[in-house]
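**Q** Okay, here's the structure, questions in a sec.
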Amino acid sequence: MVLLLEQLLNGLQLGVMLFLLAAGLTLVFGIMGVINLAHGSLYMVGAFAAAWVAAQTGSALLAVPAGLAAAALAGMAVELLVLRRLYARDHLDQVLATFGLILFFNQGAILLFGRQPLFVDIPEGLRGAVEIIPGVPYPAYRLAILAVGLLVAAGLYGLIRHTRTGMLVRAGATHREMVRALGVDVRKLYTLVFGLGALLAGLAGLMAGPIFSVQVGMGEQILIMTFVVVVIGGIGSVRGALAGALLVGLVDTLLRAYLPALLRGAMQGPDADALAAGLASMGVYLLMALVLLLRPRGLFPAHA
């Protein structure tokens with residue numbers, strides 16, 4: 001029971017990390033119609049900027065705004081200099097251009113920071129463990145990630161549902177030409193949405209640094225699972241991104257935790273571990289296939 005509770009919390013923590021990435025990605029694709037393969041690179045930018053500032057100053061409080069600002073500014077620069085020229089082009093051009101951006105960001109990170117991973121210390125106030133229930137300690141930093149992710153989800157819901165900007169975002173996701181016809185500066189809206197998505201990716205990156213380490217190419221490792229979340233949740237839907245992220249996080253974590261033990265009852269240990277690793281990796285894709293079979297547009301389509 002204790003192990004199950006810990007694994008459920010691990011799954012939720014992975015889920016909120018995926019949500020921070022998927023929320024920006026689904027907004028950009030739903031509103032702007034752009035397939036942005038470089039979204040994971042903005043995650044990496046936030047992580048590297050925060051890690052560098054933390055190393056130089058020794059302050060986690062300064063590292064957070066540095067990571068957020070670097071990711072948001074990099075995202076808006078990408079939108080202004082590259083993606084703005086691709087809105088009227090087909091998706092193949094967008095894929096090729098944003099794949100080129102991945103190479104650009106990776107090589108830039110190598111030139112600035114080298115190829116060796118950067119290891120980031122957990123902030124001093126979050127290094128211990130918290131007893132969720134008596135006798136069940138859980139790392140305070142992971143609980144903080146979970147809390148931040150849920151607060152961001154609540155904030156995004158308020159922004160999307162209860163502000164004029166959110167109204168334009170929702171309208172832009174489904175009636176783009178009508179929004180333009182009403183006199184809204186769609187270019188500014190696109191830059192704002194892309195900057196918000198980049199900022200969320202940077203937030204995920206800086207929080208992931210103390211857990212996974214910061215290294216070149218870290219964005220590509222998580223990008224595919226983020227696309228799975230977007231497809232499961234429904235393109236253009238923040239609510240769907242949250243539901244899909246939590247579902248994917250739980251399924252992936254529970255399969256990796258419990259599948260080896262289940263298979264060891266039927267076959268040799270090493271063979272069971274190898275098969276379990278493969279099946280666990282396939283689990284989220286099987287989940288995506290099942291969701292698309294039942295709901296081809298995702299769990300919560302076209303409604304942010």
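Ordering of the structure tokens sets the chain letters (A, B, ...); residue numbers start at 1 within each chain; ligands are numbered from 1 in the order shown.
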Please produce, as CSV, a per-residue contact table for region 178-284 of chain A versus region 100-103 of chain A (criterion: any atom at most 9 Å away, only C-alpha atoms considered), showing the nearest atom pair and its distance in Å to one decimal, sorted by chain then residue number.
**A**
```
residue,atom,partner,partner_atom,distance
A:Gly217,CA,A:Ile102,CA,8.5
A:Gly219,CA,A:Ile102,CA,8.9
A:Glu220,CA,A:Ile102,CA,8.4
```
**Q** Just list the residues in region 172-245 of chain A DSSP gives alpha helix (DSSP H) on the backbone, as a CSV table (one decimal) with N, CA and C atoms, in the first residue's frame.
**A**
```csv
chain,number,residue,atom,x,y,z
A,172,GLY,N,-9.6,32.0,-31.0
A,172,GLY,CA,-8.6,31.7,-32.0
A,172,GLY,C,-8.4,30.2,-32.3
A,173,ALA,N,-8.7,29.4,-31.3
A,173,ALA,CA,-8.5,28.0,-31.5
A,173,ALA,C,-9.5,27.4,-32.4
A,174,THR,N,-10.7,28.0,-32.6
A,174,THR,CA,-11.8,27.4,-33.4
A,174,THR,C,-12.2,28.3,-34.5
A,176,ARG,N,-10.4,31.2,-36.2
A,176,ARG,CA,-9.3,32.1,-36.3
A,176,ARG,C,-9.6,33.3,-37.3
A,177,GLU,N,-10.2,33.0,-38.4
A,177,GLU,CA,-10.5,34.1,-39.3
A,177,GLU,C,-11.5,35.1,-38.8
A,178,MET,N,-12.5,34.6,-38.0
A,178,MET,CA,-13.4,35.5,-37.4
A,178,MET,C,-12.7,36.5,-36.4
A,179,VAL,N,-11.8,36.0,-35.6
A,179,VAL,CA,-11.0,36.8,-34.7
A,179,VAL,C,-10.3,37.9,-35.5
A,180,ARG,N,-9.7,37.5,-36.6
A,180,ARG,CA,-9.0,38.5,-37.4
A,180,ARG,C,-9.9,39.5,-38.0
A,181,ALA,N,-11.1,39.1,-38.4
A,181,ALA,CA,-12.1,40.0,-39.0
A,181,ALA,C,-12.6,41.0,-38.0
A,186,VAL,N,-3.9,39.7,-34.6
A,186,VAL,CA,-3.7,38.3,-34.5
A,186,VAL,C,-2.2,38.0,-34.4
A,187,ARG,N,-1.3,38.8,-35.0
A,187,ARG,CA,0.1,38.6,-34.8
A,187,ARG,C,0.6,38.7,-33.4
A,188,LYS,N,0.1,39.8,-32.7
A,188,LYS,CA,0.4,40.0,-31.3
A,188,LYS,C,-0.1,38.9,-30.5
A,189,LEU,N,-1.4,38.4,-30.8
A,189,LEU,CA,-1.9,37.3,-30.0
A,189,LEU,C,-1.1,36.0,-30.2
A,190,TYR,N,-0.6,35.8,-31.4
A,190,TYR,CA,0.2,34.6,-31.7
A,190,TYR,C,1.5,34.7,-30.9
A,191,THR,N,2.2,35.9,-30.9
A,191,THR,CA,3.4,36.0,-30.1
A,191,THR,C,3.2,35.8,-28.6
A,192,LEU,N,2.1,36.4,-28.1
A,192,LEU,CA,1.7,36.2,-26.7
A,192,LEU,C,1.5,34.7,-26.3
A,193,VAL,N,0.8,34.0,-27.2
A,193,VAL,CA,0.5,32.6,-26.9
A,193,VAL,C,1.8,31.8,-27.0
A,194,PHE,N,2.6,32.1,-28.0
A,194,PHE,CA,3.9,31.3,-28.1
A,194,PHE,C,4.8,31.6,-26.9
A,195,GLY,N,4.8,32.9,-26.5
A,195,GLY,CA,5.7,33.3,-25.3
A,195,GLY,C,5.2,32.6,-24.1
A,196,LEU,N,3.8,32.5,-23.9
A,196,LEU,CA,3.3,31.8,-22.7
A,196,LEU,C,3.6,30.3,-22.8
A,197,GLY,N,3.5,29.7,-23.9
A,197,GLY,CA,3.9,28.3,-24.1
A,197,GLY,C,5.3,28.0,-23.8
A,198,ALA,N,6.2,28.9,-24.3
A,198,ALA,CA,7.6,28.8,-24.0
A,198,ALA,C,7.9,29.0,-22.5
A,199,LEU,N,7.2,29.9,-21.9
A,199,LEU,CA,7.5,30.1,-20.4
A,199,LEU,C,7.1,28.9,-19.6
A,200,LEU,N,6.0,28.2,-20.0
A,200,LEU,CA,5.6,27.0,-19.3
A,200,LEU,C,6.6,25.9,-19.5
A,201,ALA,N,7.1,25.8,-20.8
A,201,ALA,CA,8.1,24.8,-21.0
A,201,ALA,C,9.4,25.1,-20.2
A,202,GLY,N,9.8,26.4,-20.1
A,202,GLY,CA,10.9,26.7,-19.3
A,202,GLY,C,10.7,26.4,-17.8
A,203,LEU,N,9.5,26.6,-17.3
A,203,LEU,CA,9.2,26.2,-15.9
A,203,LEU,C,9.4,24.7,-15.7
A,204,ALA,N,8.9,23.9,-16.7
A,204,ALA,CA,9.1,22.5,-16.5
A,204,ALA,C,10.6,22.1,-16.6
A,205,GLY,N,11.3,22.8,-17.4
A,205,GLY,CA,12.7,22.5,-17.5
A,205,GLY,C,13.5,22.8,-16.3
A,206,LEU,N,13.2,24.0,-15.7
A,206,LEU,CA,14.0,24.4,-14.5
A,206,LEU,C,13.6,23.5,-13.3
A,207,MET,N,12.4,23.0,-13.2
A,207,MET,CA,12.0,22.2,-12.1
A,207,MET,C,12.5,20.7,-12.4
A,208,ALA,N,12.7,20.3,-13.6
A,208,ALA,CA,13.2,19.0,-13.9
A,208,ALA,C,14.7,18.9,-13.6
A,209,GLY,N,15.5,20.1,-13.7
A,209,GLY,CA,16.9,20.0,-13.6
A,209,GLY,C,17.4,19.3,-12.4
A,210,PRO,N,16.9,19.5,-11.1
A,210,PRO,CA,17.5,18.8,-10.0
A,210,PRO,C,17.1,17.3,-10.0
A,211,ILE,N,16.2,16.9,-10.8
A,211,ILE,CA,15.8,15.5,-10.8
A,211,ILE,C,16.5,14.7,-11.8
A,212,PHE,N,16.6,15.3,-13.1
A,212,PHE,CA,17.1,14.5,-14.2
A,212,PHE,C,18.5,15.0,-14.6
A,218,MET,N,18.0,17.2,-23.9
A,218,MET,CA,17.0,16.7,-22.9
A,218,MET,C,15.6,17.0,-23.4
A,219,GLY,N,15.4,18.0,-24.2
A,219,GLY,CA,14.1,18.3,-24.7
A,219,GLY,C,13.5,17.2,-25.6
A,220,GLU,N,14.3,16.6,-26.4
A,220,GLU,CA,13.8,15.6,-27.3
A,220,GLU,C,13.4,14.4,-26.6
A,221,GLN,N,14.0,14.1,-25.5
A,221,GLN,CA,13.7,12.9,-24.7
A,221,GLN,C,12.2,12.9,-24.2
A,222,ILE,N,11.7,14.1,-23.9
A,222,ILE,CA,10.4,14.2,-23.3
A,222,ILE,C,9.4,14.7,-24.4
A,223,LEU,N,9.8,15.2,-25.5
A,223,LEU,CA,8.9,15.8,-26.5
A,223,LEU,C,7.9,14.8,-27.1
A,224,ILE,N,8.4,13.6,-27.3
A,224,ILE,CA,7.5,12.6,-27.9
A,224,ILE,C,6.3,12.3,-27.0
A,225,MET,N,6.6,12.1,-25.7
A,225,MET,CA,5.6,11.8,-24.7
A,225,MET,C,4.6,13.0,-24.6
A,226,THR,N,5.2,14.2,-24.8
A,226,THR,CA,4.3,15.4,-24.7
A,226,THR,C,3.4,15.4,-25.9
A,227,PHE,N,3.8,15.0,-27.1
A,227,PHE,CA,2.9,14.9,-28.2
A,227,PHE,C,1.8,13.9,-28.0
A,228,VAL,N,2.2,12.8,-27.3
A,228,VAL,CA,1.2,11.8,-27.0
A,228,VAL,C,0.1,12.4,-26.0
A,229,VAL,N,0.5,13.2,-25.1
A,229,VAL,CA,-0.4,13.9,-24.2
A,229,VAL,C,-1.4,14.8,-24.9
A,230,VAL,N,-0.8,15.5,-25.9
A,230,VAL,CA,-1.6,16.5,-26.6
A,230,VAL,C,-2.7,15.7,-27.5
A,231,VAL,N,-2.3,14.6,-28.1
A,231,VAL,CA,-3.2,13.8,-28.9
A,231,VAL,C,-4.3,13.2,-28.0
A,232,ILE,N,-3.9,12.6,-26.9
A,232,ILE,CA,-4.9,12.0,-26.0
A,232,ILE,C,-5.9,13.1,-25.4
A,233,GLY,N,-5.3,14.2,-25.0
A,233,GLY,CA,-6.2,15.2,-24.4
A,233,GLY,C,-7.1,15.9,-25.4
A,238,VAL,N,-6.6,23.0,-23.1
A,238,VAL,CA,-5.8,23.0,-21.9
A,238,VAL,C,-6.3,21.9,-20.9
A,239,ARG,N,-7.6,21.9,-20.8
A,239,ARG,CA,-8.2,20.9,-19.9
A,239,ARG,C,-7.8,19.5,-20.3
A,240,GLY,N,-7.9,19.2,-21.6
A,240,GLY,CA,-7.4,17.9,-22.2
A,240,GLY,C,-6.0,17.7,-21.9
A,241,ALA,N,-5.1,18.7,-22.0
A,241,ALA,CA,-3.7,18.5,-21.7
A,241,ALA,C,-3.5,18.1,-20.3
A,242,LEU,N,-4.2,18.7,-19.3
A,242,LEU,CA,-4.1,18.3,-17.9
A,242,LEU,C,-4.6,16.8,-17.7
A,243,ALA,N,-5.7,16.5,-18.3
A,243,ALA,CA,-6.2,15.1,-18.1
A,243,ALA,C,-5.3,14.1,-18.8
A,244,GLY,N,-4.9,14.4,-20.0
A,244,GLY,CA,-4.0,13.5,-20.7
A,244,GLY,C,-2.7,13.3,-20.0
A,245,ALA,N,-2.1,14.4,-19.5
A,245,ALA,CA,-0.8,14.4,-18.8
A,245,ALA,C,-0.9,13.5,-17.6
```
**Q** Tell me, as a list of chain:residue names, which residues lie within 7 Å of Gly75 (chain A), counting only C-alpha atoms; anything in the same chain fewer than 2 positions away does not count.
**A**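 Surrounding residues, per the criterion: A:Leu42, A:Ala71, A:Ala72, A:Leu73, A:Ala77, A:Val78, A:Glu79, A:Phe194, A:Gly195, A:Ala198.
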**Q** Of the candidates A:Leu151, A:Val184, A:Ala54, A:Val136, which one gets nearest to Ala171 (chain A) if we count only C-alpha atoms?
**A**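 The closest residue to Ala171 (chain A) is A:Val184.
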**Q** Rank nothing, just name the residue among A:Leu37, A:Ser237, A:Val148, A:Tyr157 nearest to Gln13 (chain A), using only C-alpha atoms.
**A**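 Ranked by minimum distance to Gln13 (chain A), first place goes to A:Val148.
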**Q** Go through A:Asp93, A:Asp185, A:Glu124, A:Glu131 and flag the residue nearest Leu5 (chain A), using only C-alpha atoms for the distances.
**A**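 Among the listed residues, A:Glu131 lies closest to Leu5 (chain A).
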**Q** Can you list, as a ChimeraX atom specification, every protein, DNA or RNA residue that comes within 10 Å of Asp273 (chain A) when you count only C-alpha atoms, leaving out same-chain residues fewer than 5 positions away?
**A** /A:256,259-264,267-268,278-279
**Q** Looking at only C-alpha atoms, which of A:Leu255, A:Val216, A:Val248, A:Met288 is the one that sits closest to Arg115 (chain A)?
**A** A:Val216
**Q** To one decimal in Å, tell me the separation between CA of Phe19 (chain A) and CA of Met76 (chain A).
**A**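 CA of Met76 (chain A) lies 20.4 Å from CA of Phe19 (chain A).
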**Q** Between A:Leu18, A:Ala147, A:Met44, A:Ala289, which is the closest to Phe105 (chain A) once you count only C-alpha atoms?
**A**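 Closest to Phe105 (chain A) of all the choices is A:Met44.
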**Q** Quick one: pull the distance between CA of Gly24 (chain A) and CA of Ala74 (chain A), Å, one decimal.
**A** 14.0 Å
**Q** Once DSSP has gone over the backbone, tell me which residues of region 32-253 of chain A are in strand (DSSP E), as a list of chain:residue names.
**A** A:Ala129, A:Val130, A:Glu131, A:Ile132, A:Ile133, A:Val136, A:Pro137, A:Tyr138, A:Pro139
**Q** Go ahead and dump the residues you just picked, N, CA and C atoms, as an mmCIF file, in the first residue's frame.
**A**
```cif
data_model
loop_
_atom_site.group_PDB
_atom_site.id
_atom_site.type_symbol
_atom_site.label_atom_id
_atom_site.label_comp_id
_atom_site.auth_asym_id
_atom_site.auth_seq_id
_atom_site.Cartn_x
_atom_site.Cartn_y
_atom_site.Cartn_z
ATOM 1 N N ALA A 129 12.128 15.343 3.443
ATOM 2 C CA ALA A 129 10.950 14.564 3.078
ATOM 3 C C ALA A 129 9.785 14.987 3.966
ATOM 4 N N VAL A 130 8.602 14.802 3.448
ATOM 5 C CA VAL A 130 7.384 15.136 4.177
ATOM 6 C C VAL A 130 6.586 13.857 4.371
ATOM 7 N N GLU A 131 6.086 13.641 5.572
ATOM 8 C CA GLU A 131 5.241 12.475 5.818
ATOM 9 C C GLU A 131 3.823 12.775 5.357
ATOM 10 N N ILE A 132 3.449 12.145 4.251
ATOM 11 C CA ILE A 132 2.108 12.359 3.718
ATOM 12 C C ILE A 132 1.072 11.789 4.680
ATOM 13 N N ILE A 133 1.326 10.560 5.081
ATOM 14 C CA ILE A 133 0.599 9.941 6.178
ATOM 15 C C ILE A 133 1.656 9.347 7.100
ATOM 16 N N VAL A 136 4.935 7.323 5.963
ATOM 17 C CA VAL A 136 5.089 7.372 4.498
ATOM 18 C C VAL A 136 5.743 8.702 4.119
ATOM 19 N N PRO A 137 7.089 8.767 4.157
ATOM 20 C CA PRO A 137 7.768 10.004 3.744
ATOM 21 C C PRO A 137 7.818 10.105 2.217
ATOM 22 N N TYR A 138 7.802 11.350 1.734
ATOM 23 C CA TYR A 138 7.897 11.582 0.287
ATOM 24 C C TYR A 138 8.724 12.853 0.093
ATOM 25 N N PRO A 139 9.627 12.871 -0.918
ATOM 26 C CA PRO A 139 10.510 14.032 -1.095
ATOM 27 C C PRO A 139 9.733 15.337 -1.212
#
```
**Q** Using only C-alpha atoms, pick whichever of A:Val28, A:Leu68, A:Ala277, A:Ile122 has the shortest atom-to-atom distance to Leu83 (chain A).
**A**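 Among the listed residues, the smallest separation from Leu83 (chain A) belongs to A:Val28.
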**Q** List the neighbours of Gly234 (chain A) out to 8 Å using only C-alpha atoms; skip same-chain residues closer than 6 positions along the sequence, and give me the result as a PDB file with C-alpha atoms, in the first residue's frame.
**A**
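See out-v1.pdb below for the written result:
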```pdb
ATOM      1  CA  GLY A 240      -7.439  17.928 -22.177  1.00  0.00           C
ATOM      2  CA  ALA A 241      -3.707  18.530 -21.731  1.00  0.00           C
ATOM      3  CA  ARG A 297     -10.484  13.816 -31.495  1.00  0.00           C
ATOM      4  CA  GLY A 298      -9.152  13.196 -27.984  1.00  0.00           C
ATOM      5  CA  LEU A 299     -10.736  13.378 -24.549  1.00  0.00           C
ATOM      6  CA  PHE A 300     -11.633  17.088 -24.624  1.00  0.00           C
ATOM      7  CA  PRO A 301     -11.282  18.315 -28.234  1.00  0.00           C
ATOM      8  CA  ALA A 302     -11.183  21.905 -29.473  1.00  0.00           C
TER       9      ALA A 302
END
```
**Q** Neighbouring residues of Leu112 (chain A) were defined as those with any atom within 12 Å, considering only C-alpha atoms; residues of the same chain fewer than 4 positions away were excluded. Please report them as a ChimeraX atom specification.
**A** /A:45,48-49,52,105-108,116,215-216
